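Peer 1: Input: one structure, supplied below.
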Amino acid sequence: MKKISILLLLCGAIFFVACKEKTIAQEVRVLTPQEFKDSIENHPEIQLLDVRTPEEFAEGHLVDAENINVMESEFLTKVEKLDPEKPVYLYCRSGRRSAKASALLKEAGFKEIYDLQGGFLEWESNGYKAEN
């Protein structure tokens, strides 16, 4: 009986963790380049974050984007300077690093997170403006 109780408790804990991870991913909105563009143009209060390397950022980035490299060990320390109550829009080159950054931001307590589908590559392939 004791073994069954322990097994049920462990299964419940695993289920809770799995649901929690799923919730994180579901709460991050992935936007098409058109949706992303419309949203950042119509909402000046957002925080626009480029999570690529400084070298990639220097080659071209979205207007008014702040560069915080998700691969740096100081990523979480740097994003602590942002307001977790304001929407965060983020992108990387193709969408993989921004997905990682989205999960980290969610864990850090950010309420609204929007990720650019296909990243900067997709943005450029749609002919949208970038800064150098």
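By order in the structure tokens, chains are A, B, ...; within a chain, residues start at 1; ligands start at 1, following the order shown.
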Name all residues at most 12 Å from Asp83 (chain A) (count only C-alpha atoms; drop same-chain ones fewer than 6 positions away) and give them as a list in words.
Peer 2: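 Counting only the stated atoms, we get Glu45, Ile46, Gln47, Leu48, Leu105, Ala108, Gly109, Phe110, Lys111, Glu112 and Ile113 of chain A.
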Peer 1: Would you list the contacts of region 95-104 of chain A as a PyMOL selection string, taking every protein, DNA or RNA residue within 9 Å and counting only C-alpha atoms, but skipping same-chain residues closer than 4 positions in sequence?
Peer 2: chain A and resi 21+24-25+28+50-52+70-71+75-76+90-91+108-109+113-120
Peer 1: How many Å lie between CA of Tyr128 (chain A) and CA of Glu66 (chain A), rounded to one decimal?
Peer 2: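 According to the coordinates, CA of Tyr128 (chain A) and CA of Glu66 (chain A) are separated by 17.9 Å.
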Peer 1: Using only C-alpha atoms, determine which residues lie at most 7 Å from Asn132 (chain A), disregarding the query and same-chain residues fewer than 6 positions distant; provide the list as a ChimeraX atom specification.
Peer 2: /A:58-61
Peer 1: Using the selection just defined, write its residues with N, CA and C atoms as a compact mmCIF listing (two decimals), in the first residue's frame.
Peer 2:
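That gives us result_34.txt:
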```
# COMPACT_ATOMS: atom_id res chain seq x y z
N ALA A 58 24.67 43.56 -35.48
CA ALA A 58 25.35 44.61 -36.23
C ALA A 58 25.12 44.49 -37.74
N GLU A 59 24.86 43.29 -38.21
CA GLU A 59 24.63 43.07 -39.65
C GLU A 59 23.23 43.55 -40.07
N GLY A 60 22.34 43.71 -39.13
CA GLY A 60 20.99 44.16 -39.41
C GLY A 60 20.04 43.72 -38.32
N HIS A 61 19.10 44.59 -37.97
CA HIS A 61 18.14 44.31 -36.91
C HIS A 61 16.90 45.16 -37.09
```
Peer 1: Using only C-alpha atoms, which of the listed residues (A:Glu27, A:Glu56, A:Glu74, A:Asp64) sits closest to Glu41 (chain A)?
Peer 2: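 Nearest candidate to Glu41 (chain A) out of A:Glu27, A:Glu56, A:Glu74, A:Asp64: A:Asp64.
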